[in-house]
$ cat my_file.cif   # mmCIF, C-alpha atoms; chains and numbers go by the auth columns
data_protein
#
loop_
_atom_site.group_PDB
_atom_site.id
_atom_site.type_symbol
_atom_site.label_atom_id
_atom_site.label_comp_id
_atom_site.label_asym_id
_atom_site.label_seq_id
_atom_site.Cartn_x
_atom_site.Cartn_y
_atom_site.Cartn_z
_atom_site.B_iso_or_equiv
_atom_site.auth_seq_id
_atom_site.auth_asym_id
ATOM 1 C CA MET A 1 -229.279 58.966 -50.703 0.00 17 A
ATOM 2 C CA ASN A 2 -229.612 57.903 -47.099 0.00 18 A
ATOM 3 C CA ARG A 3 -228.915 60.739 -44.624 0.00 19 A
ATOM 4 C CA ASP A 4 -227.001 58.406 -42.295 0.00 20 A
ATOM 5 C CA LEU A 5 -224.722 57.371 -45.144 0.00 21 A
ATOM 6 C CA ILE A 6 -224.092 60.985 -46.106 0.00 22 A
ATOM 7 C CA ALA A 7 -223.282 61.907 -42.506 0.00 23 A
ATOM 8 C CA ARG A 8 -220.915 58.921 -42.175 0.00 24 A
ATOM 9 C CA LEU A 9 -219.126 59.778 -45.429 0.00 25 A
ATOM 10 C CA PHE A 10 -218.808 63.416 -44.356 0.00 26 A
ATOM 11 C CA ARG A 11 -217.280 62.374 -41.017 0.00 27 A
ATOM 12 C CA SER A 12 -214.866 60.044 -42.824 0.00 28 A
ATOM 13 C CA PHE A 13 -213.913 62.848 -45.220 0.00 29 A
ATOM 14 C CA GLU A 14 -213.252 65.270 -42.371 0.00 30 A
ATOM 15 C CA ALA A 15 -211.332 62.631 -40.394 0.00 31 A
ATOM 16 C CA ILE A 16 -208.653 62.328 -43.080 0.00 32 A
ATOM 17 C CA ALA A 17 -208.166 66.088 -43.458 0.00 33 A
ATOM 18 C CA HIS A 18 -204.716 67.529 -42.815 0.00 34 A
ATOM 19 C CA ARG A 19 -204.105 71.061 -41.632 0.00 35 A
ATOM 20 C CA GLU A 20 -201.220 73.402 -42.329 0.00 36 A
ATOM 21 C CA GLY A 21 -201.682 76.780 -40.717 0.00 37 A
ATOM 22 C CA SER A 22 -205.249 77.772 -41.508 0.00 38 A
ATOM 23 C CA VAL A 23 -205.511 75.597 -44.634 0.00 39 A
ATOM 24 C CA ASP A 24 -207.211 72.211 -44.698 0.00 40 A
ATOM 25 C CA TYR A 25 -206.071 69.764 -47.356 0.00 41 A
ATOM 26 C CA TRP A 26 -206.547 66.136 -48.281 0.00 42 A
ATOM 27 C CA LEU A 27 -204.096 63.681 -49.769 0.00 43 A
ATOM 28 C CA ALA A 28 -205.414 62.129 -52.961 0.00 44 A
ATOM 29 C CA ARG A 29 -204.270 58.610 -52.078 0.00 45 A
ATOM 30 C CA GLU A 30 -206.293 58.771 -48.866 0.00 46 A
ATOM 31 C CA LEU A 31 -209.346 60.073 -50.738 0.00 47 A
ATOM 32 C CA GLN A 32 -208.863 57.333 -53.306 0.00 48 A
ATOM 33 C CA ASP A 33 -209.524 54.695 -50.656 0.00 49 A
ATOM 34 C CA LEU A 34 -212.447 56.593 -49.143 0.00 50 A
ATOM 35 C CA LEU A 35 -214.107 56.925 -52.557 0.00 51 A
ATOM 36 C CA GLY A 36 -213.606 53.268 -53.423 0.00 52 A
ATOM 37 C CA TYR A 37 -210.951 53.521 -56.133 0.00 53 A
ATOM 38 C CA THR A 38 -208.607 50.543 -55.973 0.00 54 A
ATOM 39 C CA GLN A 39 -206.101 51.710 -58.581 0.00 55 A
ATOM 40 C CA TRP A 40 -204.209 54.991 -58.506 0.00 56 A
ATOM 41 C CA ARG A 41 -204.214 55.320 -62.300 0.00 57 A
ATOM 42 C CA ASN A 42 -208.015 55.331 -62.326 0.00 58 A
ATOM 43 C CA PHE A 43 -208.161 57.957 -59.602 0.00 59 A
ATOM 44 C CA GLU A 44 -205.621 60.086 -61.486 0.00 60 A
ATOM 45 C CA GLN A 45 -208.171 60.331 -64.310 0.00 61 A
ATOM 46 C CA VAL A 46 -210.739 61.666 -61.826 0.00 62 A
ATOM 47 C CA ILE A 47 -208.222 64.219 -60.574 0.00 63 A
ATOM 48 C CA ALA A 48 -207.504 65.323 -64.154 0.00 64 A
ATOM 49 C CA LYS A 49 -211.226 65.941 -64.688 0.00 65 A
ATOM 50 C CA ALA A 50 -211.405 67.867 -61.402 0.00 66 A
ATOM 51 C CA ARG A 51 -208.486 70.053 -62.533 0.00 67 A
ATOM 52 C CA GLU A 52 -210.282 70.749 -65.785 0.00 68 A
ATOM 53 C CA ALA A 53 -213.493 71.652 -63.927 0.00 69 A
ATOM 54 C CA CYS A 54 -211.469 73.975 -61.688 0.00 70 A
ATOM 55 C CA GLN A 55 -209.979 75.692 -64.756 0.00 71 A
ATOM 56 C CA ASN A 56 -213.429 75.971 -66.364 0.00 72 A
ATOM 57 C CA ALA A 57 -214.698 77.657 -63.182 0.00 73 A
ATOM 58 C CA ALA A 58 -212.035 80.374 -63.635 0.00 74 A
ATOM 59 C CA GLN A 59 -209.965 79.041 -60.730 0.00 75 A
ATOM 60 C CA ASP A 60 -206.215 78.501 -60.923 0.00 76 A
ATOM 61 C CA PRO A 61 -205.679 74.751 -60.513 0.00 77 A
ATOM 62 C CA SER A 62 -202.236 75.351 -58.992 0.00 78 A
ATOM 63 C CA ASP A 63 -204.018 76.976 -56.030 0.00 79 A
ATOM 64 C CA HIS A 64 -205.948 73.774 -55.338 0.00 80 A
ATOM 65 C CA PHE A 65 -203.833 70.839 -56.606 0.00 81 A
ATOM 66 C CA ALA A 66 -200.244 70.428 -55.390 0.00 82 A
ATOM 67 C CA ASP A 67 -198.010 67.542 -56.418 0.00 83 A
ATOM 68 C CA VAL A 68 -196.378 65.939 -53.386 0.00 84 A
ATOM 69 C CA SER A 69 -194.684 62.648 -52.633 0.00 85 A
ATOM 70 C CA LYS A 70 -194.473 60.475 -49.571 0.00 86 A
ATOM 71 C CA MET A 71 -192.587 57.453 -48.374 0.00 87 A
ATOM 72 C CA VAL A 72 -194.478 54.189 -48.022 0.00 88 A
ATOM 73 C CA GLY A 73 -193.344 51.014 -46.316 0.00 89 A
ATOM 74 C CA LEU A 74 -192.748 47.884 -48.336 0.00 90 A
ATOM 75 C CA GLY A 75 -193.130 44.322 -47.153 0.00 91 A
ATOM 76 C CA SER A 76 -189.364 43.912 -46.992 0.00 92 A
ATOM 77 C CA GLY A 77 -189.132 46.638 -44.373 0.00 93 A
ATOM 78 C CA SER A 78 -187.686 49.164 -46.813 0.00 94 A
ATOM 79 C CA GLN A 79 -189.463 52.257 -48.073 0.00 95 A
ATOM 80 C CA ARG A 80 -190.064 53.848 -51.426 0.00 96 A
ATOM 81 C CA GLU A 81 -191.328 57.211 -52.572 0.00 97 A
ATOM 82 C CA VAL A 82 -194.730 57.419 -54.288 0.00 98 A
ATOM 83 C CA GLU A 83 -196.413 60.364 -55.939 0.00 99 A
ATOM 84 C CA ASP A 84 -199.456 61.890 -54.297 0.00 100 A
ATOM 85 C CA MET A 85 -201.378 65.114 -54.490 0.00 101 A
ATOM 86 C CA ALA A 86 -202.511 67.590 -51.860 0.00 102 A
ATOM 87 C CA LEU A 87 -206.014 68.887 -52.578 0.00 103 A
ATOM 88 C CA THR A 88 -207.781 71.864 -51.064 0.00 104 A
ATOM 89 C CA ARG A 89 -211.383 71.541 -49.946 0.00 105 A
ATOM 90 C CA TYR A 90 -212.394 73.066 -53.288 0.00 106 A
ATOM 91 C CA ALA A 91 -210.459 70.418 -55.221 0.00 107 A
ATOM 92 C CA ALA A 92 -211.540 67.550 -53.010 0.00 108 A
#
$ encode --input "my_file.cif" --output "structure tokens"
Amino acid sequence: MNRDLIARLFRSFEAIAHREGSVDYWLARELQDLLGYTQWRNFEQVIAKAREACQNAAQDPSDHFADVSKMVGLGSGSQREVEDMALTRYAA
């Protein structure tokens, strides 16, 4: 893979990181876009496989995958709550 592409993807990955205290985390819906998934349901399947890999590596998935929700704006000006997931660096 092209080194410039890798560096650009890494910068994009780091740019969408969130920080709470000393912990970095990523929101799955933001990673979904970065990784080119257009549908949440398809990305949920990837997350399920990542959880399984975490479990198989003797890690507790609950330490790395946290269900969260957020409000998103709708075209009508109203908002609605959507499910999301906070992922540690290990999970991401």
$ atom_distance --input "my_file.cif" --atom1 "atom CA of Leu103 of chain A" --atom2 "atom CA of Asp83 of chain A"
9.0 Å
$ atom_distance --input "my_file.cif" --atom1 "atom CA of Ser38 of chain A" --atom2 "atom CA of Ala23 of chain A"
24.0 Å
$ resolve_selection --input "my_file.cif" --expression "the PyMOL selection byres ((chain A and resi 45) around 12)" --output "PyMOL selection string"
chain A and resi 32+42-44+46-60+63+83-86+88+98-103+108
$ axis_aligned_box --input "my_file.cif" --around "segment 80-93 of chain A" --padding-each-side "5 Å" --output "AutoDock Vina command-line options"
--center_x -197.5 --center_y 58.8 --center_z -50.5 --size_x 26.8 --size_y 39.9 --size_z 22.2
$ atom_distance --input "my_file.cif" --atom1 "atom CA of Glu36 of chain A" --atom2 "atom CA of Met87 of chain A"
19.1 Å
$ resolve_selection --input "my_file.cif" --expression "the PyMOL selection byres ((chain A and resi 104) around 6)" --output "short mmCIF file (atom, residue, chain, number, x, y, z; two decimals) with C-alpha atoms, in the coordinates of the input"
data_model
loop_
_atom_site.label_atom_id
_atom_site.label_comp_id
_atom_site.auth_asym_id
_atom_site.auth_seq_id
_atom_site.Cartn_x
_atom_site.Cartn_y
_atom_site.Cartn_z
CA TYR A 41 -206.07 69.76 -47.36
CA HIS A 80 -205.95 73.77 -55.34
CA LEU A 103 -206.01 68.89 -52.58
CA ARG A 105 -211.38 71.54 -49.95
CA TYR A 106 -212.39 73.07 -53.29
CA ALA A 107 -210.46 70.42 -55.22
#
$ closest_residue --input "my_file.cif" --among "A:Leu90, A:Gln95, A:Phe81, A:His34" --to "Ala66 of chain A" --atoms "only C-alpha atoms"
A:Phe81
$ closest_residue --input "my_file.cif" --among "A:Asn72, A:Lys65, A:Asp79, A:Gly91" --to "Val39 of chain A" --atoms "all atoms listed in the file"
A:Asp79
